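Enquirer: File model_5.pdb follows (PDB, C-alpha atoms):
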ATOM      1  CA  MET A 744     -22.249  -5.208  -6.567
ATOM      2  CA  ASN A 745     -19.670  -7.550  -5.156
ATOM      3  CA  LYS A 746     -21.495 -10.668  -6.314
ATOM      4  CA  LEU A 747     -21.939  -9.242  -9.778
ATOM      5  CA  VAL A 748     -18.249  -8.489 -10.070
ATOM      6  CA  ARG A 749     -17.362 -11.944  -8.873
ATOM      7  CA  PHE A 750     -19.720 -13.497 -11.396
ATOM      8  CA  ALA A 751     -18.217 -11.383 -14.163
ATOM      9  CA  LEU A 752     -14.732 -12.399 -13.117
ATOM     10  CA  ILE A 753     -15.654 -16.092 -13.145
ATOM     11  CA  LEU A 754     -17.201 -15.703 -16.570
ATOM     12  CA  TYR A 755     -14.102 -13.951 -17.797
ATOM     13  CA  ALA A 756     -11.748 -16.557 -16.459
ATOM     14  CA  PHE A 757     -13.870 -19.268 -18.060
ATOM     15  CA  LEU A 758     -13.891 -17.550 -21.464
ATOM     16  CA  LEU A 759     -10.172 -16.872 -21.253
ATOM     17  CA  SER A 760      -9.437 -20.494 -20.479
ATOM     18  CA  ILE A 761     -11.534 -21.615 -23.443
ATOM     19  CA  PHE A 762      -9.771 -19.112 -25.646
ATOM     20  CA  SER A 763      -6.347 -20.238 -24.514
ATOM     21  CA  VAL A 764      -7.215 -23.911 -25.070
ATOM     22  CA  ILE A 765      -8.435 -23.072 -28.570
ATOM     23  CA  SER A 766      -5.300 -21.116 -29.357
ATOM     24  CA  MET A 767      -3.154 -23.997 -28.151
ATOM     25  CA  MET A 768      -5.063 -26.385 -30.373
ATOM     26  CA  VAL A 769      -4.671 -24.029 -33.307
ATOM     27  CA  VAL A 770      -0.926 -23.965 -32.839
ATOM     28  CA  ILE A 771      -0.753 -27.753 -32.721
ATOM     29  CA  ASN A 772      -3.205 -28.483 -35.507
ATOM     30  CA  ARG A 773      -3.685 -25.984 -38.260
ATOM     31  CA  LYS A 774      -6.948 -27.490 -39.446
ATOM     32  CA  MET A 775      -8.602 -26.364 -36.239
ATOM     33  CA  LEU A 776      -8.314 -22.779 -37.404
ATOM     34  CA  GLU A 777     -10.399 -23.460 -40.453
ATOM     35  CA  ALA A 778     -13.013 -25.293 -38.386
ATOM     36  CA  ILE A 779     -13.320 -22.392 -35.962
ATOM     37  CA  TYR A 780     -13.483 -19.964 -38.816
ATOM     38  CA  PHE A 781     -16.398 -21.860 -40.344
ATOM     39  CA  VAL A 782     -18.235 -21.996 -37.022
ATOM     40  CA  PHE A 783     -18.026 -18.228 -36.694
ATOM     41  CA  TYR A 784     -18.907 -17.733 -40.320
ATOM     42  CA  ASP A 785     -22.067 -19.823 -39.928
ATOM     43  CA  MET A 786     -23.004 -17.854 -36.810
ATOM     44  CA  ILE A 787     -22.824 -14.541 -38.565
ATOM     45  CA  VAL A 788     -24.550 -15.648 -41.736
ATOM     46  CA  SER A 789     -27.692 -17.063 -40.099
ATOM     47  CA  THR A 790     -29.974 -14.214 -38.931
ATOM     48  CA  SER A 791     -31.140 -15.683 -35.630
ATOM     49  CA  MET A 792     -27.633 -16.474 -34.472
ATOM     50  CA  ARG A 793     -26.536 -12.988 -35.383
ATOM     51  CA  TRP A 794     -28.761 -11.447 -32.741
ATOM     52  CA  VAL A 795     -27.592 -13.915 -30.137
ATOM     53  CA  VAL A 796     -23.982 -13.068 -30.882
ATOM     54  CA  LEU A 797     -24.751  -9.352 -30.740
ATOM     55  CA  VAL A 798     -26.529  -9.565 -27.377
ATOM     56  CA  LEU A 799     -23.770 -11.752 -25.952
ATOM     57  CA  SER A 800     -21.038  -9.387 -27.012
ATOM     58  CA  ILE A 801     -22.944  -6.409 -25.572
ATOM     59  CA  PHE A 802     -23.237  -8.261 -22.253
ATOM     60  CA  LEU A 803     -19.552  -9.074 -22.300
ATOM     61  CA  PHE A 804     -18.736  -5.434 -22.968
ATOM     62  CA  ILE A 805     -20.874  -4.300 -20.014
ATOM     63  CA  PHE A 806     -19.232  -6.868 -17.755
ATOM     64  CA  SER A 807     -15.776  -5.800 -18.793
ATOM     65  CA  MET A 808     -16.698  -2.172 -18.081
ATOM     66  CA  ILE A 809     -17.928  -3.168 -14.609
ATOM     67  CA  ILE A 810     -14.674  -4.968 -13.898
ATOM     68  CA  LEU A 811     -12.678  -2.034 -15.192
ATOM     69  CA  VAL A 812     -14.516   0.495 -13.028
ATOM     70  CA  TYR A 813     -14.316  -1.783 -10.004
ATOM     71  CA  GLY A 814     -10.625  -2.325 -10.521
ATOM     72  CA  LEU A 815      -9.943   1.384 -10.782
ATOM     73  CA  GLN A 816     -12.077   2.322  -7.782
ATOM     74  CA  SER A 817     -11.013  -0.197  -5.207
ATOM     75  CA  GLY A 818      -7.539  -1.282  -4.448
ATOM     76  CA  ARG A 819      -4.876  -0.587  -1.951
ATOM     77  CA  LEU A 820      -3.946   2.951  -1.238
ATOM     78  CA  HIS A 821      -0.430   3.660  -2.369
ATOM     79  CA  LYS A 822       0.445   6.755  -0.496
ATOM     80  CA  THR A 823      -1.193   9.589   1.316
ATOM     81  CA  ARG A 824       0.121  13.001   0.639
ATOM     82  CA  ILE A 825      -0.972  14.751   3.745
ATOM     83  CA  ARG A 826       0.706  18.074   3.804
ATOM     84  CA  ARG A 827       2.898  20.214   1.680
ATOM     85  CA  ASN A 828       4.911  22.945   3.313
ATOM     86  CA  ASP A 829       7.703  25.176   2.122
ATOM     87  CA  VAL A 830      10.360  22.548   2.800
ATOM     88  CA  GLY A 831       8.738  19.722   0.871
ATOM     89  CA  TYR A 832       5.953  17.211   1.179
ATOM     90  CA  ILE A 833       5.283  14.494   3.728
ATOM     91  CA  ASP A 834       3.980  11.130   2.658
ATOM     92  CA  ILE A 835       2.800   8.548   5.122
ATOM     93  CA  GLY A 836       3.055   5.075   3.691
ATOM     94  CA  VAL A 837       0.253   2.549   3.920
ATOM     95  CA  ASP A 838       2.470   0.192   5.905
ATOM     96  CA  ALA A 839       2.868   2.816   8.573
ATOM     97  CA  ILE A 840      -0.879   3.348   8.961
ATOM     98  CA  GLU A 841      -1.513  -0.385   8.971
ATOM     99  CA  ASN A 842       1.159  -0.862  11.613
ATOM    100  CA  ILE A 843      -0.446   1.739  13.826
ATOM    101  CA  ALA A 844      -3.817   0.036  13.497
ATOM    102  CA  LEU A 845      -2.295  -3.350  14.320
ATOM    103  CA  ASN A 846      -0.388  -2.113  17.332
ATOM    104  CA  THR A 847      -3.481  -0.403  18.665
ATOM    105  CA  ALA A 848      -5.581  -3.508  18.205
ATOM    106  CA  LYS A 849      -3.053  -5.669  20.018
ATOM    107  CA  THR A 850      -2.378  -3.331  22.885
ATOM    108  CA  ALA A 851      -6.072  -2.595  23.471
ATOM    109  CA  GLN A 852      -6.360  -5.765  25.629
ATOM    110  CA  CYS A 853      -9.616  -6.747  24.051
ATOM    111  CA  GLY A 854      -8.721 -10.363  23.461
ATOM    112  CA  ILE A 855      -7.372  -9.997  19.961
ATOM    113  CA  LYS A 856      -4.882 -12.746  19.225
ATOM    114  CA  THR A 857      -3.719 -11.835  15.755
ATOM    115  CA  ALA A 858      -5.010  -9.358  13.247
ATOM    116  CA  LYS A 859      -4.496  -8.086   9.748
ATOM    117  CA  ALA A 860      -5.124  -4.497   8.821
ATOM    118  CA  ARG A 861      -5.730  -2.996   5.423
ATOM    119  CA  VAL A 862      -6.169   0.637   4.547
ATOM    120  CA  PHE A 863      -8.270   1.939   1.691
ATOM    121  CA  SER A 864      -8.889   5.396   0.461
ATOM    122  CA  ALA A 865     -12.292   6.982   0.888
ATOM    123  CA  LYS A 866     -13.890  10.251  -0.122
ATOM    124  CA  GLU A 867     -12.413  13.670   0.627
ATOM    125  CA  GLY A 868      -8.953  12.478   1.552
ATOM    126  CA  LYS A 869     -10.246  10.268   4.308
ATOM    127  CA  ILE A 870      -9.249   6.666   4.796
ATOM    128  CA  ARG A 871     -11.112   3.478   5.591
ATOM    129  CA  VAL A 872      -9.530   0.823   7.758
ATOM    130  CA  GLU A 873     -10.405  -2.841   7.620
ATOM    131  CA  LEU A 874      -9.235  -5.135  10.381
ATOM    132  CA  THR A 875      -9.502  -8.915  10.171
ATOM    133  CA  ALA A 876      -9.038 -10.338  13.624
ATOM    134  CA  VAL A 877      -8.651 -13.695  15.314
ATOM    135  CA  ILE A 878      -9.954 -13.401  18.851
ATOM    136  CA  PHE A 879     -10.058 -15.519  21.964
ATOM    137  CA  SER A 880     -13.280 -17.224  22.923
ATOM    138  CA  ASP A 881     -13.935 -15.316  26.135
ATOM    139  CA  VAL A 882     -14.691 -12.031  24.399
ATOM    140  CA  GLU A 883     -17.991 -10.251  24.122
ATOM    141  CA  ILE A 884     -17.608  -9.420  20.472
ATOM    142  CA  PRO A 885     -19.926  -6.402  20.065
ATOM    143  CA  ALA A 886     -18.730  -4.532  23.141
ATOM    144  CA  MET A 887     -15.054  -5.240  22.690
ATOM    145  CA  MET A 888     -14.959  -4.625  18.971
ATOM    146  CA  ALA A 889     -16.686  -1.288  19.423
ATOM    147  CA  LYS A 890     -13.919  -0.377  21.831
ATOM    148  CA  VAL A 891     -11.248  -1.476  19.371
ATOM    149  CA  GLN A 892     -12.862   0.494  16.542
ATOM    150  CA  ASP A 893     -12.905   3.589  18.642
ATOM    151  CA  ARG A 894      -9.294   3.230  19.696
ATOM    152  CA  ILE A 895      -8.060   2.560  16.161
ATOM    153  CA  LYS A 896      -9.891   5.595  14.839
ATOM    154  CA  LYS A 897      -8.569   7.844  17.589
ATOM    155  CA  ASP A 898      -5.010   6.559  17.401
ATOM    156  CA  ILE A 899      -4.691   6.890  13.633
ATOM    157  CA  GLU A 900      -6.115  10.380  13.738
ATOM    158  CA  ARG A 901      -3.806  11.370  16.564
ATOM    159  CA  TYR A 902      -0.606   9.891  15.139
ATOM    160  CA  THR A 903      -1.013  10.649  11.454
ATOM    161  CA  GLY A 904      -3.462  13.520  11.301
ATOM    162  CA  ILE A 905      -5.438  11.744   8.605
ATOM    163  CA  PRO A 906      -9.198  11.645   9.215
ATOM    164  CA  VAL A 907     -10.636   8.143   9.387
ATOM    165  CA  LEU A 908     -14.025   7.656   7.808
ATOM    166  CA  LYS A 909     -14.778   4.249   9.252
ATOM    167  CA  VAL A 910     -13.191   1.221  10.805
ATOM    168  CA  THR A 911     -14.525  -2.161   9.799
ATOM    169  CA  ILE A 912     -13.700  -5.166  11.936
ATOM    170  CA  LYS A 913     -14.169  -8.679  10.680
ATOM    171  CA  VAL A 914     -13.853 -11.452  13.200
ATOM    172  CA  SER A 915     -12.584 -14.326  11.127
ATOM    173  CA  LYS A 916     -11.933 -16.887  13.802
ATOM    174  CA  VAL A 917     -12.507 -17.517  17.478
ATOM    175  CA  GLU A 918      -9.733 -19.409  19.119
ATOM    176  CA  ALA A 919     -10.354 -21.504  22.214
ATOM    177  CA  ILE A 920      -8.553 -20.081  25.190
ATOM    178  CA  SER A 921      -7.305 -23.507  26.238
ATOM    179  CA  THR A 922      -4.969 -23.721  23.246
ATOM    180  CA  LYS A 923      -3.065 -20.815  24.697
ATOM    181  CA  VAL A 924      -2.651 -22.534  28.045
ATOM    182  CA  GLU A 925      -1.451 -25.823  26.597
ATOM    183  CA  ARG A 926       1.628 -24.317  25.092
TER     184      ARG A 926
ATOM    185  CA  MET B1265      30.088  17.136  -5.585
ATOM    186  CA  SER B1266      28.755  13.618  -5.737
ATOM    187  CA  GLN B1267      25.307  12.488  -4.797
ATOM    188  CA  GLY B1268      26.523   9.933  -2.281
ATOM    189  CA  PHE B1269      28.366  12.569  -0.354
ATOM    190  CA  VAL B1270      25.269  14.724   0.003
ATOM    191  CA  ALA B1271      23.221  11.647   0.771
ATOM    192  CA  GLN B1272      25.479  10.668   3.661
ATOM    193  CA  TYR B1273      24.895  13.987   5.369
ATOM    194  CA  ALA B1274      21.168  13.603   4.824
ATOM    195  CA  VAL B1275      21.228  10.100   6.329
ATOM    196  CA  GLU B1276      23.182  11.270   9.375
ATOM    197  CA  ALA B1277      20.779  14.121   9.943
ATOM    198  CA  ALA B1278      17.677  11.970   9.509
ATOM    199  CA  ILE B1279      18.849   9.223  11.863
ATOM    200  CA  ALA B1280      19.840  11.749  14.520
ATOM    201  CA  THR B1281      16.274  13.106  14.618
ATOM    202  CA  PRO B1282      14.407  11.907  17.726
ATOM    203  CA  GLY B1283      11.648   9.425  16.969
ATOM    204  CA  VAL B1284      13.328   7.916  13.936
ATOM    205  CA  PHE B1285      14.204   4.238  14.069
ATOM    206  CA  GLY B1286      16.057   4.061  10.796
ATOM    207  CA  LEU B1287      15.796   4.458   7.084
ATOM    208  CA  ASP B1288      14.184   2.038   4.732
ATOM    209  CA  SER B1289      16.057   1.282   1.561
ATOM    210  CA  SER B1290      14.205   0.093  -1.489
ATOM    211  CA  SER B1291      14.581  -3.437  -2.753
ATOM    212  CA  ILE B1292      16.598  -2.263  -5.740
ATOM    213  CA  ILE B1293      19.233  -0.734  -3.496
ATOM    214  CA  THR B1294      19.334  -3.865  -1.353
ATOM    215  CA  LEU B1295      19.970  -5.822  -4.530
ATOM    216  CA  LYS B1296      22.723  -3.464  -5.528
ATOM    217  CA  GLU B1297      24.277  -3.791  -2.099
ATOM    218  CA  SER B1298      24.360  -7.556  -2.353
ATOM    219  CA  ILE B1299      26.155  -7.337  -5.698
ATOM    220  CA  VAL B1300      28.441  -4.326  -5.430
ATOM    221  CA  GLY B1301      28.908  -4.443  -1.686
ATOM    222  CA  GLU B1302      28.106  -0.907  -0.663
ATOM    223  CA  HIS B1303      25.774   1.899  -1.464
ATOM    224  CA  GLU B1304      26.205   5.395  -0.195
ATOM    225  CA  GLY B1305      23.207   6.881   1.491
ATOM    226  CA  LYS B1306      20.700   4.138   2.151
ATOM    227  CA  GLY B1307      17.128   5.325   2.362
ATOM    228  CA  VAL B1308      17.545   8.743   0.801
ATOM    229  CA  VAL B1309      17.310   9.935  -2.769
ATOM    230  CA  VAL B1310      19.246  12.996  -3.825
ATOM    231  CA  LEU B1311      18.330  14.790  -7.019
ATOM    232  CA  PHE B1312      20.237  17.703  -8.463
ATOM    233  CA  ASN B1313      18.390  20.362 -10.347
ATOM    234  CA  ASP B1314      19.502  20.221 -13.967
ATOM    235  CA  ASN B1315      18.624  23.783 -14.804
ATOM    236  CA  LYS B1316      20.234  25.544 -11.915
ATOM    237  CA  GLU B1317      23.541  24.918 -10.176
ATOM    238  CA  GLY B1318      23.631  24.144  -6.495
ATOM    239  CA  LEU B1319      19.975  23.288  -6.056
ATOM    240  CA  VAL B1320      19.168  19.891  -4.643
ATOM    241  CA  THR B1321      16.024  17.942  -3.762
ATOM    242  CA  ILE B1322      16.215  15.246  -1.107
ATOM    243  CA  THR B1323      13.673  12.504  -0.444
ATOM    244  CA  VAL B1324      13.930  10.582   2.821
ATOM    245  CA  PHE B1325      12.289   7.225   3.570
ATOM    246  CA  PRO B1326      12.252   6.855   7.362
ATOM    247  CA  ILE B1327      10.795   4.249   9.704
ATOM    248  CA  LEU B1328       9.470   5.856  12.878
ATOM    249  CA  TYR B1329       8.761   4.647  16.373
ATOM    250  CA  TYR B1330       5.195   3.902  17.376
ATOM    251  CA  GLY B1331       3.680   6.534  19.613
ATOM    252  CA  ASN B1332       4.969   9.636  17.907
ATOM    253  CA  VAL B1333       2.818  12.044  15.995
ATOM    254  CA  ILE B1334       4.013  11.335  12.476
ATOM    255  CA  PRO B1335       3.634  14.821  10.927
ATOM    256  CA  GLU B1336       5.602  16.398  13.755
ATOM    257  CA  VAL B1337       8.502  13.964  13.410
ATOM    258  CA  ALA B1338       8.405  14.429   9.652
ATOM    259  CA  TRP B1339       8.639  18.182  10.033
ATOM    260  CA  SER B1340      11.623  17.913  12.335
ATOM    261  CA  ILE B1341      13.312  15.572   9.839
ATOM    262  CA  GLN B1342      12.748  18.130   7.114
ATOM    263  CA  GLU B1343      14.186  20.959   9.195
ATOM    264  CA  ARG B1344      17.183  18.981  10.332
ATOM    265  CA  VAL B1345      18.097  17.561   6.938
ATOM    266  CA  LYS B1346      17.721  20.941   5.296
ATOM    267  CA  ASN B1347      19.847  22.721   7.897
ATOM    268  CA  ASP B1348      22.578  20.091   8.032
ATOM    269  CA  VAL B1349      22.967  19.647   4.303
ATOM    270  CA  GLU B1350      23.026  23.378   3.699
ATOM    271  CA  LYS B1351      25.532  23.927   6.494
ATOM    272  CA  TYR B1352      28.002  21.225   5.482
ATOM    273  CA  THR B1353      27.796  21.253   1.710
ATOM    274  CA  GLY B1354      26.885  24.814   0.829
ATOM    275  CA  LEU B1355      24.260  23.618  -1.574
ATOM    276  CA  ILE B1356      20.790  25.096  -1.475
ATOM    277  CA  VAL B1357      18.192  22.522  -0.549
ATOM    278  CA  GLU B1358      15.160  23.124  -2.712
ATOM    279  CA  ALA B1359      12.891  20.616  -0.982
ATOM    280  CA  VAL B1360      13.046  17.812   1.540
ATOM    281  CA  ASN B1361      10.354  15.233   0.940
ATOM    282  CA  VAL B1362       9.530  12.716   3.621
ATOM    283  CA  HIS B1363       7.874   9.432   2.795
ATOM    284  CA  VAL B1364       7.156   7.526   5.983
ATOM    285  CA  LYS B1365       7.676   3.873   5.181
ATOM    286  CA  GLY B1366       6.616   2.266   8.401
ATOM    287  CA  VAL B1367       6.118   2.380  12.119
ATOM    288  CA  ILE B1368       7.872   0.118  14.576
ATOM    289  CA  THR B1369       7.200  -0.622  18.242
ATOM    290  CA  GLN B1370       9.874  -0.569  20.890
ATOM    291  CA  ASP B1371       9.594  -4.346  21.471
ATOM    292  CA  GLU B1372      10.244  -5.190  17.845
ATOM    293  CA  LYS B1373      13.484  -3.295  17.990
ATOM    294  CA  LYS B1374      14.870  -5.428  20.814
ATOM    295  CA  SER B1375      14.150  -8.760  19.172
TER     296      SER B1375
END
What do you get writing this file as structure tokens?
Expert:
Amino acid sequence: MNKLVRFALILYAFLLSIFSVISMMVVINRKMLEAIYFVFYDMIVSTSMRWVVLVLSIFLFIFSMIILVYGLQSGRLHKTRIRRNDVGYIDIGVDAIENIALNTAKTAQCGIKTAKARVFSAKEGKIRVELTAVIFSDVEIPAMMAKVQDRIKKDIERYTGIPVLKVTIKVSKVEAISTKVER
Amino acid sequence: MSQGFVAQYAVEAAIATPGVFGLDSSSIITLKESIVGEHEGKGVVVLFNDNKEGLVTITVFPILYYGNVIPEVAWSIQERVKNDVEKYTGLIVEAVNVHVKGVITQDEKKS
């Protein structure tokens, strides 16, 4: 799914760039417009080209639908309305949840140097947390990261009351421990 | 009764609540502050009900300390703001909405 979307996006960017170049040329030179018009006219008149154009445009339509659906589905959570009582409602901002995740990751003493947290929405009002971490080299990644996952899940649920569906940790970089000592 | 006047009471009440670090003002208000110089009631939005006199809705944007249970602090903010505003202004608070903007650790505060 992800690769397909990326391919569609690349295709779209490519087509858009071609289109913008053409439109620039049209503005500069008016004869270009006629030339383009004739190219399209020839395409539609000849029967074999007609089918090619039809199939291509159907493909483009499908790709654009995929991008549209993907864009609507994913994306950063804006706010979480957790509870509504007789006084009013309580929203917990995404920054707050991300901050909690970050603080937990750093204070867990699992060798995380720096981290970035992102929060996404999941089904049934649950949230999904994604942590991208830079760790020190003396860490057993599977054991430690499992610990961090567990702590993040528990802490977010305790502090915000929002159920966490899953915590994904991506180790992006392993930093040598000597660089810390040199400073 | 002006909005800023109600907002000031709301701000006082919200900041006095335990577990609250401060209020977060939106970028538009920060811009206004840099131009005009002052803005009454940073971090709260006060809306009067058009249809009925004396009804008011308040939205608070607090930043809390790390380690507190957010819903509990939010509830106490709601209670406190509602009580204080009703006591001092005589208006009826229709709703107090809390939108938690962020969480801050104790170390970050010192630096």
Enquirer: Fewer than 5 positions away in the same chain doesn't count, so skip those; otherwise give me all residues within 10 Å of region 1313-1326 of chain B, counting all atoms listed in the file, as a PyMOL selection string.
Expert: (chain A and resi 830-836) or (chain B and resi 1265+1267+1270-1271+1274-1275+1278-1279+1283-1290+1306-1308+1338+1341-1342+1345-1346+1349-1350+1353-1367)
Enquirer: Quick check, in Å to one decimal: how far apart do CA of Ile912 (chain A) and CA of Gln892 (chain A) lie?
Expert: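 Taking CA of Ile912 (chain A) and CA of Gln892 (chain A), their separation equals 7.3 Å.
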Enquirer: For the file shown, report as a PyMOL selection string the outcome of the ChimeraX specification (/B :<12) & /A at residue level.
Expert: chain A and resi 821-847+849-850+898-905
Enquirer: Return the padded bounding box of region 806-811 of chain A as JSON: axis-aligned, built from all atoms listed in the file, 4 Å added on each side, with centre and edge lengths in Å to one decimal.
Expert:
{"center_x": -16.0, "center_y": -4.5, "center_z": -16.3, "size_x": 14.6, "size_y": 12.8, "size_z": 12.9}
Enquirer: If I take CA of Ile895 (chain A) and CA of Val910 (chain A), how far is one from the other in Å, to one decimal?
Expert: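 Going from CA of Ile895 (chain A) over to CA of Val910 (chain A), I get 7.5 Å.
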Enquirer: Kindly give the distance, in Å, that separates CA of Arg894 (chain A) and CA of Ala848 (chain A), rounded to a single decimal.
Expert: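 According to the coordinates, CA of Arg894 (chain A) and CA of Ala848 (chain A) are separated by 7.8 Å.
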Enquirer: Since the input lacks some atoms of region 861-873 of chain A, please model N, CA and C atoms and print them as a short mmCIF file (atom, residue, chain, number, x, y, z; two decimals), in the coordinates of the input.
Expert:
data_model
loop_
_atom_site.label_atom_id
_atom_site.label_comp_id
_atom_site.auth_asym_id
_atom_site.auth_seq_id
_atom_site.Cartn_x
_atom_site.Cartn_y
_atom_site.Cartn_z
N ARG A 861 -5.89 -3.54 6.78
CA ARG A 861 -5.73 -3.00 5.42
C ARG A 861 -6.34 -1.60 5.39
N VAL A 862 -5.73 -0.76 4.61
CA VAL A 862 -6.17 0.64 4.55
C VAL A 862 -6.61 0.94 3.12
N PHE A 863 -7.77 1.53 3.00
CA PHE A 863 -8.27 1.94 1.69
C PHE A 863 -8.53 3.43 1.70
N SER A 864 -8.57 3.98 0.53
CA SER A 864 -8.89 5.40 0.46
C SER A 864 -10.40 5.57 0.39
N ALA A 865 -10.87 6.66 0.95
CA ALA A 865 -12.29 6.98 0.89
C ALA A 865 -12.43 8.41 0.37
N LYS A 866 -13.65 8.92 0.44
CA LYS A 866 -13.89 10.25 -0.12
C LYS A 866 -13.21 11.36 0.68
N GLU A 867 -12.92 12.43 0.02
CA GLU A 867 -12.41 13.67 0.63
C GLU A 867 -11.14 13.46 1.43
N GLY A 868 -10.24 12.66 0.89
CA GLY A 868 -8.95 12.48 1.55
C GLY A 868 -9.00 11.66 2.83
N LYS A 869 -10.15 11.09 3.10
CA LYS A 869 -10.25 10.27 4.31
C LYS A 869 -9.83 8.84 3.99
N ILE A 870 -9.60 8.06 5.02
CA ILE A 870 -9.25 6.67 4.80
C ILE A 870 -10.22 5.74 5.52
N ARG A 871 -10.22 4.51 5.05
CA ARG A 871 -11.11 3.48 5.59
C ARG A 871 -10.20 2.33 6.03
N VAL A 872 -10.39 1.87 7.23
CA VAL A 872 -9.53 0.82 7.76
C VAL A 872 -10.33 -0.46 7.90
N GLU A 873 -9.74 -1.55 7.49
CA GLU A 873 -10.40 -2.84 7.62
C GLU A 873 -9.50 -3.75 8.42
#
